>>> print(open('start-v2.cif').read())   # mmCIF, C-alpha atoms
data_start
loop_
_atom_site.label_atom_id
_atom_site.label_comp_id
_atom_site.auth_asym_id
_atom_site.auth_seq_id
_atom_site.Cartn_x
_atom_site.Cartn_y
_atom_site.Cartn_z
CA MET A 1 0.00 0.00 0.00
CA LYS A 2 1.33 3.35 -0.99
CA TYR A 3 2.68 5.57 1.80
CA VAL A 4 2.55 2.60 4.16
CA SER A 5 4.76 -0.13 2.66
CA GLU A 6 7.76 2.14 2.18
CA PHE A 7 7.65 3.01 5.86
CA ARG A 8 7.75 -0.68 6.77
CA SER A 9 10.62 -1.52 4.44
CA PRO A 10 13.10 -3.95 6.06
CA GLU A 11 15.98 -2.41 4.11
CA ILE A 12 15.28 1.08 5.38
CA VAL A 13 14.72 -0.22 8.92
CA ASP A 14 18.13 -1.92 8.78
CA ALA A 15 19.81 1.23 7.49
CA LEU A 16 18.29 3.31 10.30
CA LEU A 17 19.13 0.78 13.01
CA LYS A 18 22.73 0.70 11.79
CA GLU A 19 22.95 4.47 12.02
CA ILE A 20 21.37 4.49 15.49
CA HIS A 21 23.86 1.89 16.72
CA GLU A 22 26.73 3.93 15.28
CA THR A 23 25.50 7.22 16.74
CA VAL A 24 24.61 6.32 20.31
CA ARG A 25 27.34 6.68 22.94
CA GLY A 26 25.48 7.55 26.16
CA ARG A 27 22.45 6.03 27.91
CA TRP A 28 19.22 7.78 27.04
CA ASN A 29 15.55 7.47 28.02
CA ILE A 30 13.17 8.46 25.26
CA MET A 31 9.43 8.68 25.84
CA GLU A 32 7.05 8.03 23.00
CA VAL A 33 3.89 9.87 23.96
CA CYS A 34 1.24 8.18 21.88
CA GLY A 35 -0.15 4.72 22.62
CA GLY A 36 -0.30 4.01 18.90
CA GLN A 37 3.47 4.52 18.79
CA THR A 38 3.92 2.17 21.74
CA HIS A 39 1.95 -0.51 19.94
CA SER A 40 3.98 -0.12 16.80
CA LEU A 41 7.28 -0.32 18.72
CA VAL A 42 6.18 -3.49 20.49
CA LYS A 43 4.41 -5.15 17.56
CA ASN A 44 7.30 -4.59 15.15
CA GLY A 45 9.88 -5.86 17.62
CA ILE A 46 11.72 -2.54 17.61
CA LEU A 47 12.23 -2.58 21.37
CA ASN A 48 14.45 -5.65 20.97
CA LEU A 49 16.44 -4.16 18.09
CA LEU A 50 17.51 -0.89 19.69
CA PRO A 51 20.97 -0.63 21.24
CA GLU A 52 21.24 -1.09 24.99
CA GLY A 53 21.90 2.59 25.52
CA ILE A 54 18.37 3.53 24.46
CA GLN A 55 15.41 2.88 26.74
CA MET A 56 11.94 3.61 25.44
CA ILE A 57 9.57 4.82 28.14
CA HIS A 58 5.91 4.45 27.29
CA GLY A 59 3.86 7.59 27.78
CA PRO A 60 0.22 8.21 28.75
CA GLY A 61 -1.00 8.69 25.19
CA CYS A 62 -3.96 6.39 25.49
CA PRO A 63 -7.17 8.41 25.90
CA VAL A 64 -9.16 5.29 26.74
CA CYS A 65 -6.71 4.47 29.53
CA VAL A 66 -6.88 7.93 31.10
CA THR A 67 -10.67 8.31 31.04
CA PRO A 68 -11.72 8.62 34.71
CA VAL A 69 -13.70 5.76 36.20
CA ASN A 70 -16.67 7.96 37.04
CA LEU A 71 -17.14 8.84 33.35
CA ILE A 72 -17.31 5.16 32.52
CA ASP A 73 -19.83 4.73 35.34
CA LYS A 74 -21.90 7.57 33.83
CA ALA A 75 -21.78 5.91 30.41
CA VAL A 76 -22.82 2.58 31.94
CA HIS A 77 -25.67 4.25 33.82
CA LEU A 78 -26.88 5.88 30.58
CA ALA A 79 -26.55 2.61 28.67
CA MET A 80 -28.93 0.94 31.14
CA ASP A 81 -31.56 3.62 30.50
CA ARG A 82 -34.16 2.13 28.15
CA ASN A 83 -34.54 5.45 26.38
CA VAL A 84 -30.85 5.84 25.56
CA ILE A 85 -28.72 4.49 22.73
CA LEU A 86 -25.14 4.67 24.01
CA CYS A 87 -22.63 4.83 21.16
CA SER A 88 -18.90 4.41 21.63
CA PHE A 89 -15.58 3.70 19.97
CA GLY A 90 -14.82 0.01 20.13
CA ASP A 91 -11.95 -0.12 22.54
CA MET A 92 -13.79 1.81 25.23
CA ILE A 93 -16.36 -0.88 25.83
CA ARG A 94 -14.18 -3.38 27.69
CA VAL A 95 -12.72 -0.90 30.15
CA PRO A 96 -13.83 -1.71 33.70
CA GLY A 97 -15.92 0.85 35.56
CA SER A 98 -16.67 0.69 39.30
CA SER A 99 -19.12 -2.17 38.86
CA MET A 100 -19.06 -3.08 35.18
CA SER A 101 -17.84 -2.20 31.70
CA LEU A 102 -20.00 -1.03 28.79
CA LEU A 103 -19.70 -4.50 27.28
CA GLU A 104 -21.14 -5.99 30.45
CA ALA A 105 -23.89 -3.36 30.39
CA LYS A 106 -24.67 -4.48 26.84
CA SER A 107 -24.88 -8.08 27.95
CA LYS A 108 -27.39 -7.00 30.60
CA GLY A 109 -29.65 -5.42 27.97
CA GLY A 110 -28.17 -1.94 27.55
CA ASP A 111 -28.33 -0.58 23.98
CA VAL A 112 -24.59 -0.07 23.45
CA ARG A 113 -23.40 0.38 19.86
CA ILE A 114 -19.82 0.31 18.64
CA LEU A 115 -19.21 2.90 15.95
CA TYR A 116 -16.27 3.73 13.73
CA SER A 117 -17.12 7.43 13.64
CA PRO A 118 -19.12 9.90 15.77
CA LEU A 119 -20.75 11.08 12.53
CA GLU A 120 -22.57 7.72 12.44
CA ALA A 121 -24.09 8.50 15.85
CA VAL A 122 -25.79 11.60 14.45
CA LYS A 123 -27.31 9.39 11.75
CA ILE A 124 -28.61 7.00 14.43
CA ALA A 125 -30.13 9.96 16.29
CA ARG A 126 -31.87 11.12 13.13
CA GLU A 127 -33.25 7.63 12.54
CA ASN A 128 -34.45 7.18 16.14
CA PRO A 129 -36.21 10.44 17.00
CA GLY A 130 -37.98 8.94 19.99
CA ARG A 131 -34.78 8.02 21.82
CA GLU A 132 -31.76 9.86 23.16
CA VAL A 133 -28.45 9.13 21.47
CA VAL A 134 -25.29 9.67 23.50
CA PHE A 135 -21.82 9.41 21.97
CA PHE A 136 -18.96 8.68 24.36
CA ALA A 137 -16.55 11.24 22.94
CA VAL A 138 -13.15 10.03 24.04
CA GLY A 139 -9.84 11.06 22.51
CA PHE A 140 -6.84 13.29 22.23
CA GLU A 141 -6.71 16.29 19.93
CA THR A 142 -6.68 13.95 16.90
CA THR A 143 -10.25 12.87 17.58
CA ALA A 144 -11.57 16.25 18.73
CA PRO A 145 -12.37 17.57 15.22
CA ALA A 146 -14.53 14.51 14.47
CA ASN A 147 -16.34 14.75 17.81
CA ALA A 148 -16.83 18.51 17.33
CA LEU A 149 -17.99 17.94 13.75
CA SER A 150 -20.68 15.55 14.97
CA VAL A 151 -22.13 18.39 17.06
CA VAL A 152 -21.93 20.72 14.05
CA HIS A 153 -23.77 18.14 11.92
CA ALA A 154 -26.46 17.66 14.58
CA ALA A 155 -26.98 21.40 14.88
CA ARG A 156 -27.10 21.87 11.12
CA GLU A 157 -29.58 19.03 10.61
CA GLY A 158 -31.80 20.07 13.50
CA VAL A 159 -31.17 16.79 15.32
CA ARG A 160 -32.13 17.49 18.92
CA ASN A 161 -31.80 14.02 20.49
CA TYR A 162 -28.01 13.85 20.21
CA SER A 163 -25.39 14.69 22.81
CA ILE A 164 -21.77 13.84 23.56
CA LEU A 165 -20.25 12.68 26.83
CA THR A 166 -16.84 14.31 26.58
CA SER A 167 -13.61 12.73 27.77
CA HIS A 168 -11.06 14.70 25.82
CA VAL A 169 -7.45 15.06 26.90
CA LEU A 170 -4.56 17.18 25.59
CA VAL A 171 -0.95 16.18 24.99
CA PRO A 172 1.19 19.22 25.91
CA PRO A 173 -0.16 19.50 29.50
CA ALA A 174 0.46 15.77 29.94
CA MET A 175 4.07 16.17 28.82
CA GLU A 176 4.42 19.12 31.21
CA ALA A 177 3.02 16.99 34.07
CA ILE A 178 5.51 14.22 33.28
CA MET A 179 8.48 16.60 33.08
CA SER A 180 7.58 18.38 36.31
CA ASP A 181 7.47 15.13 38.25
CA GLU A 182 10.66 14.98 40.36
CA ASP A 183 11.14 11.29 39.52
CA CYS A 184 11.11 12.03 35.82
CA ARG A 185 13.96 10.46 33.86
CA VAL A 186 12.86 11.36 30.35
CA ASP A 187 15.69 12.78 28.20
CA ALA A 188 13.75 13.31 24.96
CA PHE A 189 10.25 12.93 23.56
CA LEU A 190 8.86 11.44 20.39
CA GLY A 191 5.89 13.78 19.89
CA ALA A 192 2.48 12.47 18.86
CA GLY A 193 2.36 12.73 15.06
CA HIS A 194 -1.37 12.75 14.45
CA VAL A 195 -2.11 15.14 17.31
CA CYS A 196 0.33 17.53 15.64
CA ALA A 197 -1.26 16.99 12.23
CA ILE A 198 -4.28 18.69 13.78
CA MET A 199 -2.81 21.18 16.25
CA GLY A 200 0.50 22.00 14.57
CA MET A 201 3.82 22.18 16.35
CA ARG A 202 3.96 25.58 17.99
CA GLU A 203 2.70 24.52 21.43
CA TYR A 204 5.81 22.39 21.90
CA PHE A 205 8.38 25.19 21.66
CA PRO A 206 7.75 26.35 25.27
CA LEU A 207 8.30 22.77 26.55
CA VAL A 208 11.59 22.48 24.68
CA GLU A 209 12.80 25.76 26.14
CA LYS A 210 11.56 25.24 29.69
CA TYR A 211 12.95 21.72 30.14
CA LYS A 212 15.82 21.95 27.63
CA ILE A 213 14.66 18.71 26.08
CA PRO A 214 14.57 17.49 22.45
CA ILE A 215 11.09 16.87 21.07
CA VAL A 216 10.83 15.12 17.69
CA ILE A 217 7.33 14.96 16.21
CA THR A 218 7.17 11.37 14.94
CA GLY A 219 4.90 9.11 12.90
CA PHE A 220 3.78 5.56 13.61
CA GLU A 221 5.38 3.16 11.15
CA PRO A 222 8.66 1.39 12.01
CA VAL A 223 10.66 3.69 9.72
CA ASP A 224 9.05 6.78 11.30
CA LEU A 225 9.78 5.62 14.85
CA LEU A 226 13.38 4.71 14.09
CA GLU A 227 13.95 7.99 12.27
CA GLY A 228 12.45 9.87 15.23
CA ILE A 229 14.68 7.96 17.64
CA LEU A 230 17.73 8.65 15.47
CA MET A 231 16.96 12.38 15.33
CA SER A 232 16.51 12.45 19.13
CA VAL A 233 19.75 10.58 19.76
CA LYS A 234 21.69 12.88 17.43
CA GLN A 235 20.50 15.88 19.45
CA LEU A 236 21.19 14.18 22.78
CA GLU A 237 24.73 13.15 21.81
CA LYS A 238 25.47 16.75 20.79
CA LYS A 239 23.79 18.09 23.94
CA GLU A 240 21.32 20.03 21.81
CA TYR A 241 17.62 20.57 22.42
CA ARG A 242 15.28 21.53 19.57
CA LEU A 243 11.82 20.89 18.25
CA GLU A 244 12.09 18.81 15.09
CA ASN A 245 9.59 17.25 12.70
CA GLN A 246 10.20 13.70 11.49
CA TYR A 247 6.64 13.26 10.17
CA THR A 248 6.96 15.88 7.46
CA ARG A 249 4.72 14.08 4.98
CA VAL A 250 1.73 14.72 7.28
CA VAL A 251 2.59 17.37 9.89
CA GLU A 252 2.93 21.08 9.14
CA MET A 253 3.95 23.80 11.57
CA GLU A 254 0.50 25.39 11.68
CA GLY A 255 -1.48 22.14 11.70
CA ASN A 256 -4.92 21.91 10.11
CA LYS A 257 -6.60 25.32 10.43
CA ASN A 258 -10.08 23.98 9.66
CA ALA A 259 -9.77 21.31 12.32
CA ILE A 260 -8.51 23.82 14.89
CA ALA A 261 -11.41 26.12 14.03
CA VAL A 262 -14.07 23.45 14.54
CA ILE A 263 -12.51 22.39 17.86
CA ASP A 264 -12.49 26.03 18.93
CA ARG A 265 -16.10 26.46 17.90
CA ILE A 266 -17.43 23.63 20.05
CA PHE A 267 -14.91 23.12 22.85
CA THR A 268 -13.24 25.12 25.59
CA VAL A 269 -10.13 24.05 27.52
CA THR A 270 -10.76 22.86 31.05
CA ASP A 271 -9.02 21.10 33.95
CA ARG A 272 -9.30 17.34 33.70
CA GLU A 273 -8.86 14.25 35.82
CA TRP A 274 -6.59 11.58 34.25
CA ARG A 275 -7.22 8.05 35.46
CA GLY A 276 -4.13 6.80 37.25
CA ILE A 277 -2.44 10.21 37.20
CA GLY A 278 -4.74 12.71 38.87
CA ASN A 279 -5.86 16.21 37.99
CA ILE A 280 -3.86 18.02 35.31
CA PRO A 281 -4.83 21.71 34.90
CA LEU A 282 -6.15 22.86 31.52
CA SER A 283 -5.66 19.42 30.02
CA GLY A 284 -9.08 18.63 28.59
CA TYR A 285 -12.02 19.92 26.58
CA ALA A 286 -15.55 20.75 27.70
CA ILE A 287 -18.42 21.84 25.50
CA LYS A 288 -18.94 25.59 25.16
CA GLU A 289 -22.03 27.27 26.58
CA ALA A 290 -23.47 27.93 23.11
CA TYR A 291 -23.65 24.19 22.46
CA ARG A 292 -24.88 23.01 25.87
CA LEU A 293 -27.81 21.34 24.13
CA TYR A 294 -25.33 18.73 22.87
CA ASP A 295 -23.58 18.20 26.20
CA THR A 296 -24.64 14.95 27.86
CA ASN A 297 -23.71 16.35 31.28
CA ASP A 298 -26.18 19.15 30.76
CA ARG A 299 -28.94 17.02 29.30
CA PHE A 300 -28.91 14.27 31.87
CA HIS A 301 -28.67 14.62 35.62
CA ILE A 302 -26.83 11.47 36.49
CA GLU A 303 -26.77 10.37 40.09
CA ILE A 304 -24.17 7.70 40.63
CA GLU A 305 -22.13 6.49 43.53
CA GLU A 306 -18.58 7.64 43.97
CA ALA A 307 -16.24 5.83 41.65
CA HIS A 308 -13.71 3.35 42.90
CA GLU A 309 -11.19 1.19 41.19
CA ASP A 310 -9.09 -1.80 42.02
CA PRO A 311 -6.33 -0.50 44.34
CA THR A 312 -3.94 -3.20 43.15
CA CYS A 313 -3.98 -1.84 39.58
CA LEU A 314 -0.69 -0.08 38.78
CA SER A 315 -1.83 1.50 35.50
CA GLY A 316 -0.91 4.98 36.73
CA GLU A 317 2.71 3.93 37.20
CA VAL A 318 2.72 2.33 33.73
CA MET A 319 1.26 5.42 32.08
CA LYS A 320 3.73 7.77 33.73
CA GLY A 321 6.48 5.53 32.42
CA LYS A 322 7.71 4.53 35.90
CA ILE A 323 7.29 0.83 35.36
CA LYS A 324 6.98 -1.37 32.31
CA PRO A 325 3.79 -3.45 31.99
CA ASN A 326 5.65 -6.70 32.61
CA GLN A 327 7.05 -5.30 35.85
CA CYS A 328 3.55 -5.16 37.32
CA PRO A 329 2.93 -8.18 39.59
CA ASN A 330 -0.56 -8.61 38.16
CA PHE A 331 0.54 -8.67 34.53
CA GLY A 332 -0.73 -11.78 32.81
CA THR A 333 -1.86 -13.26 36.13
CA LYS A 334 -4.64 -11.33 37.88
CA CYS A 335 -4.87 -8.93 34.95
CA THR A 336 -5.49 -10.07 31.38
CA PRO A 337 -7.43 -8.61 28.44
CA VAL A 338 -10.38 -10.84 29.27
CA LYS A 339 -10.40 -9.90 32.96
CA PRO A 340 -8.58 -6.55 33.25
CA LEU A 341 -7.89 -4.66 36.48
CA GLY A 342 -7.57 -1.39 34.63
CA ALA A 343 -7.72 0.23 31.22
CA PRO A 344 -4.26 -0.21 29.61
CA MET A 345 -4.79 -3.96 29.37
CA VAL A 346 -7.83 -3.57 27.11
CA SER A 347 -7.28 -0.45 25.09
CA SER A 348 -5.94 -0.74 21.55
CA GLU A 349 -3.34 1.85 22.58
CA GLY A 350 -2.64 0.59 26.07
CA ALA A 351 0.96 -0.37 26.85
CA CYS A 352 -0.14 -3.42 28.88
CA ALA A 353 -2.26 -4.73 26.02
CA ALA A 354 0.66 -4.26 23.60
CA TYR A 355 3.04 -6.23 25.82
CA TYR A 356 0.44 -8.93 26.46
CA HIS A 357 -0.58 -9.44 22.84
CA PHE A 358 2.96 -9.54 21.58
CA HIS A 359 4.10 -12.00 24.22
CA LEU A 360 6.51 -9.89 26.18
CA ALA A 361 5.48 -11.48 29.47
CA GLY A 362 8.53 -13.69 29.33
CA GLU A 363 11.02 -11.07 28.20
CA PRO A 364 13.81 -9.98 30.53
CA VAL A 365 12.92 -6.74 32.23
CA GLU A 366 15.04 -3.64 31.75
CA THR A 367 14.68 -1.15 34.57
CA VAL A 368 14.60 2.55 33.78
CA GLN A 369 18.05 3.97 34.63
CA MET B 370 -7.44 6.36 19.03
CA CYS B 371 -4.85 8.25 17.04
CA LEU B 372 -4.62 5.51 14.52
CA ALA B 373 -5.01 6.62 10.94
CA ILE B 374 -3.68 5.27 7.68
CA PRO B 375 -3.40 6.93 4.29
CA GLY B 376 -5.95 6.19 1.59
CA LYS B 377 -6.62 7.47 -1.92
CA ILE B 378 -9.70 9.59 -2.69
CA LYS B 379 -11.67 7.77 -5.37
CA SER B 380 -14.74 10.01 -5.55
CA ILE B 381 -16.29 13.03 -3.86
CA GLU B 382 -19.96 13.75 -3.19
CA LEU B 383 -21.36 17.14 -2.26
CA LEU B 384 -24.15 17.25 0.31
CA TYR B 385 -26.32 20.02 1.76
CA GLY B 386 -25.99 22.20 -1.33
CA GLY B 387 -22.20 21.92 -1.36
CA ALA B 388 -21.65 22.65 2.34
CA VAL B 389 -20.39 19.16 3.09
CA LYS B 390 -17.92 17.14 1.03
CA MET B 391 -17.92 13.38 1.61
CA ALA B 392 -15.31 11.22 -0.07
CA LYS B 393 -15.03 7.54 -0.84
CA VAL B 394 -11.46 6.68 0.14
CA SER B 395 -9.67 3.50 -0.88
CA PHE B 396 -7.33 1.79 1.59
CA GLY B 397 -5.62 -0.83 -0.53
CA GLY B 398 -8.95 -1.64 -2.19
CA ILE B 399 -11.22 -1.33 0.84
CA ILE B 400 -13.49 1.68 0.43
CA LYS B 401 -14.57 3.77 3.40
CA GLU B 402 -16.43 7.05 3.55
CA ALA B 403 -14.76 10.09 5.04
CA SER B 404 -15.75 13.69 5.56
CA LEU B 405 -13.55 16.20 3.74
CA GLU B 406 -14.80 19.17 5.76
CA MET B 407 -11.38 19.56 7.38
CA LEU B 408 -9.64 19.43 3.96
CA PRO B 409 -11.77 21.48 1.57
CA THR B 410 -9.09 21.53 -1.14
CA ALA B 411 -8.69 17.76 -1.28
CA ALA B 412 -9.36 16.29 -4.72
CA VAL B 413 -9.86 12.90 -6.36
CA GLY B 414 -6.50 11.16 -6.56
CA ASP B 415 -5.09 12.79 -3.41
CA TYR B 416 -3.83 10.62 -0.57
CA VAL B 417 -5.34 11.58 2.78
CA LEU B 418 -5.03 10.40 6.37
CA VAL B 419 -8.44 9.39 7.72
CA HIS B 420 -9.21 9.17 11.43
CA VAL B 421 -12.64 8.03 12.71
CA GLY B 422 -14.41 8.99 9.51
CA VAL B 423 -12.77 12.40 9.03
CA ALA B 424 -9.87 13.17 6.69
CA ILE B 425 -7.37 15.15 8.76
CA SER B 426 -4.35 15.67 6.55
CA LYS B 427 -3.09 15.24 3.00
CA VAL B 428 0.03 13.16 2.48
CA ASN B 429 2.76 15.28 0.96
CA GLU B 430 4.24 13.19 -1.84
CA GLU B 431 7.55 15.06 -2.02
CA GLU B 432 8.18 14.66 1.70
CA ALA B 433 7.14 11.02 1.57
CA HIS B 434 9.71 10.26 -1.13
CA LYS B 435 12.57 11.49 1.06
CA VAL B 436 12.43 8.15 2.89
CA PHE B 437 14.06 6.53 -0.14
CA GLY B 438 17.13 8.65 0.55
CA TYR B 439 18.15 6.09 3.19
CA LEU B 440 18.32 3.43 0.51
CA LYS B 441 20.44 5.55 -1.80
CA GLU B 442 22.84 6.23 1.09
CA ALA B 443 23.02 2.54 1.87
CA GLY B 444 23.59 1.81 -1.83
CA GLU B 445 20.35 -0.08 -2.36
CA LEU B 446 18.77 0.45 -5.73
CA ASP B 447 16.04 -2.18 -5.94
CA GLU B 448 12.30 -1.58 -6.10
CA LEU B 449 10.65 -2.24 -2.77
CA TYR B 450 6.99 -3.08 -3.06
CA ASP B 451 4.30 -2.58 -5.65
CA THR B 452 3.31 1.03 -5.01
CA THR B 453 0.68 1.29 -7.71
CA ILE B 454 -2.37 0.81 -5.48
#
>>> encode(input="start-v2.cif", output="structure tokens")
Amino acid sequence: MKYVSEFRSPEIVDALLKEIHETVRGRWNIMEVCGGQTHSLVKNGILNLLPEGIQMIHGPGCPVCVTPVNLIDKAVHLAMDRNVILCSFGDMIRVPGSSMSLLEAKSKGGDVRILYSPLEAVKIARENPGREVVFFAVGFETTAPANALSVVHAAREGVRNYSILTSHVLVPPAMEAIMSDEDCRVDAFLGAGHVCAIMGMREYFPLVEKYKIPIVITGFEPVDLLEGILMSVKQLEKKEYRLENQYTRVVEMEGNKNAIAVIDRIFTVTDREWRGIGNIPLSGYAIKEAYRLYDTNDRFHIEIEEAHEDPTCLSGEVMKGKIKPNQCPNFGTKCTPVKPLGAPMVSSEGACAAYYHFHLAGEPVETVQ
Amino acid sequence: MCLAIPGKIKSIELLYGGAVKMAKVSFGGIIKEASLEMLPTAAVGDYVLVHVGVAISKVNEEEAHKVFGYLKEAGELDELYDTTI
């Protein structure tokens, strides 16, 4: 497939690995922010091919994983309402809430529908005027334009039985939270390529300056990741710190102006709770006053008990990059994709799921230096 | 969540009197619909990145070709894969 195959070419991967091995002298910790990048690193065996001096630390770039438990409980509560059609992205439905997941709610009779796109949910609302349609709008900035666009479509078409339950999170504040943690050992970041395709690159300059840390905006294929790692290592070895763009075929400095405009039209930045991490200021989106009609929180008054999660789940430590999934005592034993303790084991971008599915349970563990 | 792969625009349909552009995008032969509202200048034949039903970016052909530079440096001259899809 064009623009995919080239970036999976074994010859180019070998050439890049050779150059990485020849360039690295010191010991460096590089964090890839996005869960999709983590999956690609694990799935393509890149973690085992990098020289010993490079440790990849897996970041919190999994919006499903960081959705707070009480939002899942709200979604479950809505799903059990006979009048509601609860629509969601696929990998959200297995994540455990306080008492059950959306999949379990579905098995108990809740009308839960897995959709590829929020735009489909508006269609369902139009076709079911007598029922309320709620879309569980989870994501980073990459998904925000689509979620915002669904509200625009509903407004334009006069669809009044549609609302979104927002669980949006932002990358730069998460990187700031990681860097300001005193235990932080991250030397460089691979920035989230598709987030930057939307938002552009400018918001990362202040992070580079404040923490004197290289940030390389990187794609998702093996060639992209290795090129991003090589660019980071070159900076680190020369003691430089700059914002660079590896993913030039997709990312431009100013991002996608239309996407930014639609996000700005519907959403406002707000403080947000990150599951496993805590409150990060100004790290999420909420729906603007003008569009409250489409805000599930405004439309439904949901009374639920206080959320709780399994105290033995170490997903917070995994998502902050402090431990690897296979360093968690529950990995593969008490916690599996079929019976997860937390979110990273079931999300398509969760680090625990990546390690589990690609059989890293038995691999020797490298501790973060 | 941030997963998106490039596909080729095969056809474009205008809805709501031209306000909304919907494209049929081919991913190696599998056709999916995507909104082009975020990329109003996208045309048939363009390669776009689609995420949850919305095209978010065009793929820049010139930038994409730079990857082959690694092969020239390494002295490899062979064709890689069939890139005609």
>>> closest_residue(input="start-v2.cif", among="B:Glu430, B:Glu402, B:Asp415, B:Glu382", to="chain A", atoms="only C-alpha atoms")
B:Glu430
>>> resolve_selection(input="start-v2.cif", expression="the PyMOL selection byres ((chain B and resi 405) around 7)", output="PyMOL selection string")
chain B and resi 390-392+403-404+406-409+423-424
>>> resolve_selection(input="start-v2.cif", expression="the PyMOL selection byres ((chain B and resi 376) around 8)", output="count of residues only")
12
>>> atom_distance(input="start-v2.cif", atom1="atom CA of Ser315 of chain A", atom2="atom CA of Gly342 of chain A")
6.5 Å
>>> residues_around(input="start-v2.cif", residues="Asp91 of chain A", least_positions_apart="2", cutoff="6 Å", atoms="all atoms listed in the file", output="ChimeraX atom specification")
/A:89,93,347
>>> residues_around(input="start-v2.cif", residues="segment 232-235 of chain A", least_positions_apart="2", cutoff="9 Å", atoms="only C-alpha atoms", output="MDAnalysis selection string")
chainID A and resid 20 23:24 28 30 54 188:190 214:216 227:230 237:242 244
>>> closest_atom_pairs(input="start-v2.cif", of="chain A", to="chain B", cutoff="9 Å", atoms="all atoms listed in the file", output="tab-separated table")
residue	atom	partner	partner_atom	distance
A:Met1	CA	B:Gly397	CA	5.7
A:Lys2	CA	B:Thr452	CA	5.0
A:Tyr3	CA	B:Pro375	CA	6.7
A:Val4	CA	B:Pro375	CA	7.4
A:Ser5	CA	B:Tyr450	CA	6.8
A:Glu6	CA	B:Leu449	CA	7.2
A:Phe7	CA	B:Val436	CA	7.6
A:Ser9	CA	B:Leu449	CA	7.2
A:Glu11	CA	B:Leu440	CA	7.2
A:Ile12	CA	B:Tyr439	CA	6.2
A:Ala15	CA	B:Ala443	CA	6.6
A:Leu16	CA	B:Tyr439	CA	7.6
A:Cys34	CA	B:Cys371	CA	7.8
A:Gly35	CA	B:Cys371	CA	8.1
A:Gly36	CA	B:Leu372	CA	6.3
A:Cys62	CA	B:Met370	CA	7.3
A:Pro63	CA	B:Met370	CA	7.2
A:Val64	CA	B:Met370	CA	8.0
A:Phe89	CA	B:Met370	CA	8.6
A:Asp91	CA	B:Met370	CA	8.6
A:Leu115	CA	B:Val421	CA	8.9
A:Tyr116	CA	B:Val421	CA	5.7
A:Ser117	CA	B:Val421	CA	4.6
A:Pro118	CA	B:Val421	CA	7.4
A:Leu119	CA	B:Gly422	CA	7.3
A:Glu120	CA	B:Gly422	CA	8.8
A:Val138	CA	B:Met370	CA	8.4
A:Gly139	CA	B:Met370	CA	6.3
A:Phe140	CA	B:Cys371	CA	7.5
A:Glu141	CA	B:Cys371	CA	8.7
A:Thr142	CA	B:Cys371	CA	6.0
A:Thr143	CA	B:Cys371	CA	7.1
A:Pro145	CA	B:Val423	CA	8.1
A:Ala146	CA	B:Val423	CA	6.1
A:Leu149	CA	B:Glu406	CA	8.7
A:Ala192	CA	B:Cys371	CA	8.7
A:Gly193	CA	B:Cys371	CA	8.7
A:His194	CA	B:Cys371	CA	6.3
A:Val195	CA	B:Cys371	CA	7.4
A:Ala197	CA	B:Ser426	CA	6.6
A:Ile198	CA	B:Ile425	CA	6.9
A:Phe220	CA	B:Leu372	CA	8.4
A:Val223	CA	B:Val436	CA	8.3
A:Tyr247	CA	B:Glu432	CA	8.7
A:Thr248	CA	B:Glu432	CA	6.0
A:Arg249	CA	B:Asn429	CA	4.6
A:Val250	CA	B:Val428	CA	5.3
A:Val251	CA	B:Ser426	CA	7.9
A:Gly255	CA	B:Ser426	CA	8.8
A:Asn256	CA	B:Ser426	CA	7.2
A:Lys257	CA	B:Met407	CA	8.1
A:Asn258	CA	B:Met407	CA	5.1
A:Ala259	CA	B:Met407	CA	5.5
A:Val262	CA	B:Met407	CA	8.6
A:Ser348	CA	B:Met370	CA	7.7
A:Glu349	CA	B:Met370	CA	7.1
>>> closest_residue(input="start-v2.cif", among="A:Ile266, A:Ile323, A:Ile85, A:Leu47", to="His153 of chain A", atoms="all atoms listed in the file")
A:Ile266
